[in-house]
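So this one's query.cif, mmCIF, N, CA and C atoms:
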```cif
data_my_file
#
loop_
_atom_site.label_atom_id
_atom_site.label_comp_id
_atom_site.auth_asym_id
_atom_site.auth_seq_id
_atom_site.Cartn_x
_atom_site.Cartn_y
_atom_site.Cartn_z
N MET N 1 13.64 18.01 63.45
CA MET N 1 14.16 18.43 62.16
C MET N 1 14.34 17.23 61.22
N LYS N 2 14.83 16.10 61.78
CA LYS N 2 15.03 14.91 60.95
C LYS N 2 13.70 14.42 60.39
N LYS N 3 12.65 14.49 61.19
CA LYS N 3 11.34 14.04 60.73
C LYS N 3 10.85 14.89 59.57
N ILE N 4 11.10 16.18 59.66
CA ILE N 4 10.69 17.09 58.59
C ILE N 4 11.45 16.78 57.31
N LEU N 5 12.76 16.55 57.41
CA LEU N 5 13.56 16.21 56.24
C LEU N 5 13.14 14.88 55.64
N VAL N 6 12.89 13.89 56.46
CA VAL N 6 12.44 12.58 55.97
C VAL N 6 11.11 12.74 55.26
N ALA N 7 10.18 13.47 55.85
CA ALA N 7 8.87 13.69 55.23
C ALA N 7 9.02 14.45 53.91
N PHE N 8 9.88 15.45 53.88
CA PHE N 8 10.12 16.23 52.66
C PHE N 8 10.64 15.35 51.54
N PHE N 9 11.65 14.54 51.83
CA PHE N 9 12.23 13.67 50.80
C PHE N 9 11.26 12.57 50.38
N ALA N 10 10.43 12.10 51.31
CA ALA N 10 9.42 11.10 50.96
C ALA N 10 8.42 11.69 49.97
N VAL N 11 7.95 12.90 50.24
CA VAL N 11 7.01 13.56 49.33
C VAL N 11 7.68 13.82 47.99
N LEU N 12 8.91 14.28 48.00
CA LEU N 12 9.65 14.53 46.77
C LEU N 12 9.82 13.25 45.96
N PHE N 13 10.21 12.17 46.61
CA PHE N 13 10.43 10.90 45.94
C PHE N 13 9.14 10.35 45.35
N PHE N 14 8.06 10.29 46.15
CA PHE N 14 6.81 9.74 45.66
C PHE N 14 6.17 10.63 44.61
N GLY N 15 6.34 11.92 44.75
CA GLY N 15 5.83 12.84 43.73
C GLY N 15 6.52 12.64 42.40
N ALA N 16 7.83 12.43 42.42
CA ALA N 16 8.57 12.18 41.19
C ALA N 16 8.17 10.84 40.59
N ALA N 17 7.97 9.83 41.42
CA ALA N 17 7.58 8.52 40.92
C ALA N 17 6.21 8.57 40.25
N VAL N 18 5.27 9.30 40.83
CA VAL N 18 3.94 9.41 40.26
C VAL N 18 4.00 10.17 38.95
N SER N 19 4.74 11.27 38.89
CA SER N 19 4.79 12.04 37.66
C SER N 19 5.49 11.27 36.55
N CYS N 20 6.49 10.46 36.86
CA CYS N 20 7.17 9.67 35.83
C CYS N 20 6.27 8.55 35.32
N SER N 21 5.50 7.94 36.19
CA SER N 21 4.65 6.84 35.75
C SER N 21 3.47 7.33 34.93
N ALA N 22 3.12 8.60 35.03
CA ALA N 22 1.98 9.13 34.28
C ALA N 22 2.36 9.44 32.83
N VAL N 23 3.63 9.45 32.50
CA VAL N 23 4.07 9.76 31.15
C VAL N 23 3.87 8.51 30.28
N PRO N 24 3.09 8.60 29.20
CA PRO N 24 2.85 7.42 28.38
C PRO N 24 4.12 7.00 27.66
N GLU N 25 4.25 5.68 27.49
CA GLU N 25 5.41 5.17 26.78
C GLU N 25 5.22 5.41 25.30
N LYS N 26 6.29 5.77 24.62
CA LYS N 26 6.25 5.96 23.18
C LYS N 26 6.88 4.75 22.53
N ASN N 27 6.42 4.42 21.36
CA ASN N 27 6.99 3.34 20.58
C ASN N 27 7.48 3.96 19.27
N PRO N 28 8.76 4.37 19.22
CA PRO N 28 9.26 5.07 18.03
C PRO N 28 9.20 4.25 16.75
N ALA N 29 9.23 2.93 16.86
CA ALA N 29 9.15 2.10 15.66
C ALA N 29 7.75 2.15 15.05
N LEU N 30 6.76 2.46 15.86
CA LEU N 30 5.37 2.45 15.42
C LEU N 30 4.79 3.86 15.28
N GLN N 31 5.10 4.73 16.23
CA GLN N 31 4.50 6.06 16.26
C GLN N 31 5.21 7.00 15.31
N ARG N 32 4.81 6.91 14.06
CA ARG N 32 5.37 7.74 13.00
C ARG N 32 4.35 7.89 11.89
N GLN N 33 4.70 8.61 10.89
CA GLN N 33 3.84 8.80 9.73
C GLN N 33 4.15 7.67 8.76
N TRP N 34 3.10 7.03 8.22
CA TRP N 34 3.25 5.87 7.33
C TRP N 34 2.55 6.15 6.00
N MET N 35 3.28 5.96 4.91
CA MET N 35 2.74 6.16 3.57
C MET N 35 2.24 4.82 3.02
N LEU N 36 1.01 4.79 2.54
CA LEU N 36 0.41 3.58 2.00
C LEU N 36 1.04 3.25 0.65
N VAL N 37 1.59 2.05 0.50
CA VAL N 37 2.26 1.68 -0.75
C VAL N 37 1.63 0.46 -1.42
N SER N 38 0.78 -0.27 -0.71
CA SER N 38 0.12 -1.43 -1.29
C SER N 38 -1.23 -1.64 -0.61
N PHE N 39 -2.29 -1.62 -1.43
CA PHE N 39 -3.64 -1.82 -0.88
C PHE N 39 -4.59 -2.20 -1.99
N ASP N 40 -5.26 -3.31 -1.81
CA ASP N 40 -6.35 -3.73 -2.68
C ASP N 40 -5.91 -3.69 -4.14
N LYS N 41 -6.76 -3.16 -5.00
CA LYS N 41 -6.49 -3.13 -6.45
C LYS N 41 -5.78 -1.86 -6.89
N PHE N 42 -5.42 -1.00 -5.96
CA PHE N 42 -4.88 0.31 -6.30
C PHE N 42 -3.39 0.23 -6.61
N SER N 43 -2.99 0.95 -7.64
CA SER N 43 -1.56 0.96 -8.01
C SER N 43 -0.78 1.83 -7.03
N LYS N 44 0.49 1.54 -6.94
CA LYS N 44 1.36 2.34 -6.08
C LYS N 44 1.37 3.80 -6.54
N GLU N 45 1.30 4.00 -7.85
CA GLU N 45 1.29 5.36 -8.40
C GLU N 45 0.06 6.14 -7.91
N LYS N 46 -1.10 5.48 -7.88
CA LYS N 46 -2.31 6.17 -7.41
C LYS N 46 -2.19 6.48 -5.92
N LEU N 47 -1.65 5.55 -5.13
CA LEU N 47 -1.48 5.78 -3.70
C LEU N 47 -0.55 6.96 -3.45
N VAL N 48 0.53 7.04 -4.20
CA VAL N 48 1.49 8.14 -4.05
C VAL N 48 0.86 9.45 -4.51
N ARG N 49 0.16 9.42 -5.64
CA ARG N 49 -0.48 10.63 -6.17
C ARG N 49 -1.50 11.19 -5.18
N ASN N 50 -2.22 10.33 -4.48
CA ASN N 50 -3.21 10.77 -3.49
C ASN N 50 -2.60 11.07 -2.13
N LYS N 51 -1.30 10.85 -2.00
CA LYS N 51 -0.60 11.05 -0.72
C LYS N 51 -1.31 10.26 0.39
N ALA N 52 -1.62 9.00 0.09
CA ALA N 52 -2.33 8.13 1.02
C ALA N 52 -1.42 7.81 2.21
N GLU N 53 -1.93 8.06 3.41
CA GLU N 53 -1.11 7.88 4.60
C GLU N 53 -1.95 7.68 5.85
N ILE N 54 -1.31 7.11 6.87
CA ILE N 54 -1.84 7.17 8.22
C ILE N 54 -0.76 7.81 9.08
N ASN N 55 -1.20 8.52 10.09
CA ASN N 55 -0.27 9.21 10.97
C ASN N 55 -0.52 8.72 12.40
N LEU N 56 0.48 8.04 12.96
CA LEU N 56 0.37 7.49 14.31
C LEU N 56 1.20 8.27 15.32
N THR N 57 1.45 9.55 15.04
CA THR N 57 2.25 10.37 15.95
C THR N 57 1.39 11.10 16.97
N GLY N 58 0.11 10.82 16.98
CA GLY N 58 -0.80 11.50 17.90
C GLY N 58 -0.59 11.09 19.35
N VAL N 59 -1.41 11.63 20.20
CA VAL N 59 -1.34 11.40 21.63
C VAL N 59 -1.62 9.93 21.95
N MET N 60 -0.83 9.37 22.88
CA MET N 60 -1.08 8.02 23.36
C MET N 60 -1.63 8.12 24.78
N GLU N 61 -2.80 7.53 24.98
CA GLU N 61 -3.42 7.49 26.30
C GLU N 61 -3.86 6.07 26.58
N LYS N 62 -3.43 5.54 27.71
CA LYS N 62 -3.80 4.18 28.14
C LYS N 62 -3.52 3.16 27.05
N GLY N 63 -2.39 3.31 26.36
CA GLY N 63 -1.99 2.35 25.34
C GLY N 63 -2.66 2.54 23.99
N LYS N 64 -3.51 3.56 23.85
CA LYS N 64 -4.22 3.81 22.60
C LYS N 64 -3.67 5.06 21.95
N ILE N 65 -3.47 4.98 20.64
CA ILE N 65 -2.93 6.11 19.87
C ILE N 65 -4.07 6.75 19.09
N LYS N 66 -4.19 8.05 19.23
CA LYS N 66 -5.13 8.81 18.41
C LYS N 66 -4.42 9.11 17.09
N GLY N 67 -4.96 8.57 16.00
CA GLY N 67 -4.31 8.71 14.71
C GLY N 67 -5.17 9.45 13.71
N SER N 68 -4.57 9.72 12.57
CA SER N 68 -5.28 10.35 11.47
C SER N 68 -4.85 9.68 10.16
N ALA N 69 -5.67 9.89 9.14
CA ALA N 69 -5.38 9.31 7.83
C ALA N 69 -5.83 10.29 6.76
N HIS N 70 -5.23 10.13 5.60
CA HIS N 70 -5.60 10.94 4.45
C HIS N 70 -5.45 10.06 3.21
N MET N 71 -6.47 10.03 2.37
CA MET N 71 -6.45 9.21 1.17
C MET N 71 -6.66 10.06 -0.08
N GLY N 72 -6.51 11.38 0.04
CA GLY N 72 -6.61 12.24 -1.13
C GLY N 72 -7.67 13.31 -1.03
N CYS N 73 -8.66 13.15 -0.17
CA CYS N 73 -9.74 14.13 -0.10
C CYS N 73 -10.05 14.51 1.34
N ASN N 74 -10.73 13.63 2.05
CA ASN N 74 -11.17 13.92 3.41
C ASN N 74 -10.09 13.60 4.44
N SER N 75 -10.16 14.28 5.55
CA SER N 75 -9.31 13.96 6.69
C SER N 75 -10.04 12.91 7.52
N MET N 76 -9.31 11.88 7.90
CA MET N 76 -9.90 10.80 8.70
C MET N 76 -9.23 10.77 10.06
N PHE N 77 -9.93 10.21 11.04
CA PHE N 77 -9.38 10.08 12.39
C PHE N 77 -9.81 8.74 12.95
N PHE N 78 -9.05 8.24 13.92
CA PHE N 78 -9.33 6.93 14.50
C PHE N 78 -8.54 6.77 15.79
N THR N 79 -8.85 5.70 16.50
CA THR N 79 -8.09 5.29 17.67
C THR N 79 -7.54 3.91 17.38
N SER N 80 -6.27 3.68 17.71
CA SER N 80 -5.66 2.38 17.48
C SER N 80 -4.97 1.89 18.74
N GLU N 81 -5.01 0.59 18.91
CA GLU N 81 -4.36 -0.04 20.05
C GLU N 81 -3.55 -1.22 19.53
N PHE N 82 -2.24 -1.09 19.62
CA PHE N 82 -1.33 -2.13 19.14
C PHE N 82 -0.91 -2.96 20.34
N LYS N 83 -1.22 -4.25 20.30
CA LYS N 83 -0.96 -5.12 21.43
C LYS N 83 0.17 -6.09 21.13
N ASN N 84 0.70 -6.69 22.18
CA ASN N 84 1.72 -7.72 22.01
C ASN N 84 1.15 -8.87 21.19
N GLY N 85 2.02 -9.56 20.51
CA GLY N 85 1.57 -10.68 19.69
C GLY N 85 1.06 -10.27 18.33
N GLY N 86 1.25 -9.01 17.95
CA GLY N 86 0.86 -8.56 16.62
C GLY N 86 -0.62 -8.29 16.44
N LYS N 87 -1.34 -8.06 17.51
CA LYS N 87 -2.78 -7.75 17.42
C LYS N 87 -2.97 -6.24 17.39
N VAL N 88 -3.95 -5.80 16.61
CA VAL N 88 -4.29 -4.38 16.57
C VAL N 88 -5.81 -4.23 16.61
N ILE N 89 -6.26 -3.20 17.31
CA ILE N 89 -7.68 -2.86 17.35
C ILE N 89 -7.79 -1.42 16.85
N ILE N 90 -8.57 -1.23 15.80
CA ILE N 90 -8.79 0.10 15.24
C ILE N 90 -10.26 0.42 15.43
N SER N 91 -10.53 1.56 16.06
CA SER N 91 -11.92 1.91 16.37
C SER N 91 -12.13 3.41 16.21
N GLY N 92 -13.39 3.81 16.31
CA GLY N 92 -13.72 5.23 16.26
C GLY N 92 -13.34 5.91 14.96
N VAL N 93 -13.42 5.19 13.85
CA VAL N 93 -13.04 5.76 12.56
C VAL N 93 -14.12 6.73 12.10
N GLY N 94 -13.68 7.92 11.74
CA GLY N 94 -14.58 8.95 11.22
C GLY N 94 -13.84 9.82 10.23
N SER N 95 -14.56 10.71 9.57
CA SER N 95 -13.90 11.59 8.61
C SER N 95 -14.73 12.83 8.36
N THR N 96 -14.08 13.80 7.72
CA THR N 96 -14.82 14.94 7.22
C THR N 96 -15.68 14.45 6.06
N LEU N 97 -16.60 15.25 5.60
CA LEU N 97 -17.58 14.77 4.62
C LEU N 97 -17.58 15.58 3.32
N LYS N 98 -16.40 15.92 2.83
CA LYS N 98 -16.32 16.63 1.55
C LYS N 98 -16.63 15.67 0.41
N ALA N 99 -17.34 16.15 -0.59
CA ALA N 99 -17.61 15.37 -1.79
C ALA N 99 -16.51 15.70 -2.80
N CYS N 100 -15.78 14.69 -3.21
CA CYS N 100 -14.65 14.90 -4.11
C CYS N 100 -14.75 13.93 -5.28
N GLN N 101 -14.03 14.22 -6.34
CA GLN N 101 -13.95 13.29 -7.46
C GLN N 101 -13.03 12.14 -7.07
N ASN N 102 -13.24 11.00 -7.67
CA ASN N 102 -12.38 9.83 -7.49
C ASN N 102 -12.22 9.44 -6.01
N MET N 103 -13.33 9.18 -5.37
CA MET N 103 -13.28 8.80 -3.95
C MET N 103 -13.20 7.28 -3.77
N ASP N 104 -12.87 6.55 -4.83
CA ASP N 104 -12.83 5.10 -4.74
C ASP N 104 -11.80 4.59 -3.74
N LEU N 105 -10.61 5.21 -3.69
CA LEU N 105 -9.58 4.80 -2.74
C LEU N 105 -10.05 5.07 -1.31
N GLU N 106 -10.54 6.26 -1.07
CA GLU N 106 -11.00 6.63 0.27
C GLU N 106 -12.14 5.73 0.75
N THR N 107 -13.07 5.43 -0.13
CA THR N 107 -14.19 4.56 0.23
C THR N 107 -13.71 3.16 0.57
N ALA N 108 -12.86 2.59 -0.26
CA ALA N 108 -12.34 1.24 -0.01
C ALA N 108 -11.53 1.20 1.29
N PHE N 109 -10.70 2.21 1.52
CA PHE N 109 -9.89 2.26 2.73
C PHE N 109 -10.77 2.34 3.97
N SER N 110 -11.76 3.22 3.95
CA SER N 110 -12.61 3.39 5.13
C SER N 110 -13.45 2.14 5.40
N GLN N 111 -13.78 1.37 4.38
CA GLN N 111 -14.55 0.14 4.58
C GLN N 111 -13.71 -0.98 5.19
N LYS N 112 -12.41 -0.97 4.95
CA LYS N 112 -11.56 -2.08 5.40
C LYS N 112 -10.65 -1.75 6.57
N PHE N 113 -10.36 -0.48 6.80
CA PHE N 113 -9.34 -0.10 7.78
C PHE N 113 -9.66 -0.60 9.18
N ASP N 114 -10.88 -0.40 9.66
CA ASP N 114 -11.19 -0.81 11.03
C ASP N 114 -11.40 -2.32 11.17
N LYS N 115 -11.29 -3.05 10.08
CA LYS N 115 -11.38 -4.51 10.13
C LYS N 115 -10.00 -5.17 10.23
N MET N 116 -8.95 -4.36 10.18
CA MET N 116 -7.60 -4.89 10.32
C MET N 116 -7.41 -5.36 11.76
N THR N 117 -6.87 -6.56 11.93
CA THR N 117 -6.75 -7.15 13.27
C THR N 117 -5.32 -7.55 13.63
N HIS N 118 -4.42 -7.53 12.66
CA HIS N 118 -3.03 -7.93 12.89
C HIS N 118 -2.09 -6.87 12.33
N TYR N 119 -0.91 -6.77 12.94
CA TYR N 119 0.11 -5.87 12.41
C TYR N 119 1.48 -6.51 12.53
N SER N 120 2.37 -6.06 11.67
CA SER N 120 3.77 -6.45 11.78
C SER N 120 4.62 -5.28 11.31
N ILE N 121 5.76 -5.13 11.95
CA ILE N 121 6.73 -4.13 11.54
C ILE N 121 8.00 -4.87 11.16
N GLU N 122 8.41 -4.69 9.93
CA GLU N 122 9.64 -5.30 9.43
C GLU N 122 10.47 -4.19 8.81
N GLY N 123 11.55 -3.84 9.51
CA GLY N 123 12.38 -2.73 9.04
C GLY N 123 11.58 -1.44 9.04
N HIS N 124 11.44 -0.83 7.87
CA HIS N 124 10.71 0.42 7.75
C HIS N 124 9.31 0.22 7.14
N PHE N 125 8.80 -1.02 7.21
CA PHE N 125 7.47 -1.32 6.69
C PHE N 125 6.52 -1.74 7.80
N LEU N 126 5.29 -1.24 7.72
CA LEU N 126 4.20 -1.63 8.60
C LEU N 126 3.15 -2.31 7.74
N THR N 127 2.74 -3.51 8.13
CA THR N 127 1.68 -4.21 7.41
C THR N 127 0.52 -4.45 8.36
N LEU N 128 -0.67 -4.07 7.93
CA LEU N 128 -1.90 -4.36 8.65
C LEU N 128 -2.66 -5.41 7.85
N SER N 129 -3.25 -6.38 8.53
CA SER N 129 -4.01 -7.41 7.82
C SER N 129 -5.22 -7.82 8.64
N ASP N 130 -6.18 -8.43 7.95
CA ASP N 130 -7.38 -8.92 8.63
C ASP N 130 -7.39 -10.45 8.58
N ASP N 131 -8.45 -11.05 9.06
CA ASP N 131 -8.55 -12.50 9.12
C ASP N 131 -8.95 -13.12 7.78
N ASN N 132 -9.25 -12.30 6.77
CA ASN N 132 -9.68 -12.79 5.45
C ASN N 132 -8.60 -12.66 4.38
N GLY N 133 -7.38 -12.33 4.77
CA GLY N 133 -6.29 -12.22 3.80
C GLY N 133 -6.12 -10.85 3.18
N ASN N 134 -6.92 -9.87 3.57
CA ASN N 134 -6.75 -8.50 3.07
C ASN N 134 -5.62 -7.84 3.84
N SER N 135 -4.86 -7.00 3.16
CA SER N 135 -3.76 -6.32 3.86
C SER N 135 -3.53 -4.93 3.28
N MET N 136 -2.83 -4.14 4.09
CA MET N 136 -2.39 -2.80 3.73
C MET N 136 -0.93 -2.72 4.11
N LYS N 137 -0.09 -2.25 3.18
CA LYS N 137 1.33 -2.14 3.49
C LYS N 137 1.73 -0.68 3.41
N PHE N 138 2.48 -0.24 4.43
CA PHE N 138 2.91 1.14 4.55
C PHE N 138 4.44 1.18 4.66
N VAL N 139 5.00 2.30 4.23
CA VAL N 139 6.43 2.55 4.43
C VAL N 139 6.55 3.81 5.29
N ALA N 140 7.52 3.81 6.18
CA ALA N 140 7.73 4.96 7.06
C ALA N 140 8.07 6.18 6.21
N ALA N 141 7.39 7.29 6.45
CA ALA N 141 7.59 8.51 5.66
C ALA N 141 8.97 9.10 5.87
N ASP N 142 9.58 8.83 7.03
CA ASP N 142 10.90 9.41 7.31
C ASP N 142 12.05 8.51 6.86
N TRP N 143 11.71 7.45 6.14
CA TRP N 143 12.76 6.54 5.65
C TRP N 143 13.22 7.03 4.29
N ASP N 144 14.49 7.05 4.07
CA ASP N 144 15.04 7.50 2.78
C ASP N 144 15.12 6.38 1.78
#
```

Could you write out this structure as structure tokens?
Amino acid sequence: MKKILVAFFAVLFFGAAVSCSAVPEKNPALQRQWMLVSFDKFSKEKLVRNKAEINLTGVMEKGKIKGSAHMGCNSMFFTSEFKNGGKVIISGVGSTLKACQNMDLETAFSQKFDKMTHYSIEGHFLTLSDDNGNSMKFVAADWD
């Protein structure tokens, strides 16, 4: 009987350990909706009017976040990996293909977004930057 109980508790313990380790870690400071407030030559008013944003609340698998973006017309999607030391890798960028008026913001964003290689979070701001001095600054959408 003791052997059966020991085996039962061993299976229970290891089963719980495996199921807990399979749950991806969330980063609440990063995994949120971010509103674009500064980018390239575009005014803050234009960014707000277009509801320019990235959304990092998607599924996290193996340290990678499936995200989405919107710059006023098409829906965009991507995979991002935020690493220690302020490094970011953005890949798999794609979008719907609607033809809209005033696509200059969307075109500029899609050309530069996957070239961002660094990130920093300061308070409620997220800044993405590349090695050439280009940057994008976002504010958390849930910040008052």

Nearest to Val139 in chain N among N:Leu126, N:Met116, N:Val59, N:Ala52, with distances taken over only C-alpha atoms: which residue is it?
N:Leu126

As a check of understanding, name the residues that the PyMOL selection byres ((chain N and resi 87) around 8) selects in the supplied structure, as a list in words.
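Applying the expression gives Glu81, Phe82, Lys83, Asn84, Gly85, Gly86, Val88, Ile89, Ile90, Met116, Thr117, His118, Tyr119 and Ser120 of chain N.
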
Identify all residues satisfying the PyMOL selection byres ((chain N and resi 63) around 7) in the given file; provide them as a VMD selection string.
chain N and resid 24 60 to 62 64 to 65 80 to 82

One-decimal distance in Å that lies between CA of Phe77 in chain N and CA of Lys115 in chain N
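So the answer is 14.9 Å.
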
Just so the selection is clear, what residues does the PyMOL selection byres (((chain N and resi 133 and name CA) around 12) and name CA) cover here, as an MDAnalysis selection string?
chainID N and resid 39:40 112 115:118 127:132 134:136

Calculate how many Å separate CA of Asn55 in chain N from atom N of Phe109 in chain N, rounding to one decimal.
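Pair CA of Asn55 in chain N / atom N of Phe109 in chain N returns 15.7 Å.
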
Can you measure CA of Ser43 in chain N to CA of Lys66 in chain N for me? One decimal in Å is fine.
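Answer for the CA of Ser43 in chain N to CA of Lys66 in chain N separation: 27.8 Å.
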
Looking at N:Val93, N:Lys98, N:Leu56, N:Ser68, which one is nearest to Asp114 in chain N, with distances taken over all atoms listed in the file?
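Answer, going by the shortest atom-to-atom distance: N:Val93.
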
The residue from N:Ile54, N:Lys26, N:Phe125, N:Asp104 with the smallest atom-to-atom distance to Phe42 in chain N, counting only C-alpha atoms, is N:Asp104

Give the helix (DSSP H, G or I) residues of range 30-131 of chain N, as assigned by DSSP on the backbone, as a PyMOL selection string.
chain N and resi 44-49+104-115

Nearest candidate to Thr57 in chain N (options N:Asn102, N:Gln33, N:Gln111, N:Ser91; using only N, CA and C atoms)
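Residue with the minimum atom-to-atom distance to Thr57 in chain N: N:Gln33.
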
Counting only N, CA and C atoms, select every polymer residue within 6 Å of (11.5, 2.7, 7.2) as defined in the file's coordinates, and provide the selection as a compact mmCIF listing (two decimals) with N, CA and C atoms, keeping the file's coordinate frame.
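Final output, saved to result29.txt:
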```txt
# COMPACT_ATOMS: atom_id res chain seq x y z
N GLY N 123 11.55 -3.84 9.51
CA GLY N 123 12.38 -2.73 9.04
C GLY N 123 11.58 -1.44 9.04
N HIS N 124 11.44 -0.83 7.87
CA HIS N 124 10.71 0.42 7.75
C HIS N 124 9.31 0.22 7.14
N PHE N 125 8.80 -1.02 7.21
CA PHE N 125 7.47 -1.32 6.69
C PHE N 125 6.52 -1.74 7.80
N VAL N 139 5.00 2.30 4.23
CA VAL N 139 6.43 2.55 4.43
C VAL N 139 6.55 3.81 5.29
N ALA N 140 7.52 3.81 6.18
CA ALA N 140 7.73 4.96 7.06
C ALA N 140 8.07 6.18 6.21
N ASP N 142 9.58 8.83 7.03
CA ASP N 142 10.90 9.41 7.31
C ASP N 142 12.05 8.51 6.86
N TRP N 143 11.71 7.45 6.14
CA TRP N 143 12.76 6.54 5.65
C TRP N 143 13.22 7.03 4.29
```

Rank nothing, just name the residue among N:Phe138, N:Ala108, N:Lys51, N:Gly67 nearest to Leu36 in chain N, using only C-alpha atoms.
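That would be N:Phe138, the residue with the smallest distance to Leu36 in chain N.
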
Can you work out which one of N:Leu30, N:Val37, N:Val48, N:Cys73 has the shortest atom-to-atom distance to Met103 in chain N, counting only N, CA and C atoms?
N:Cys73
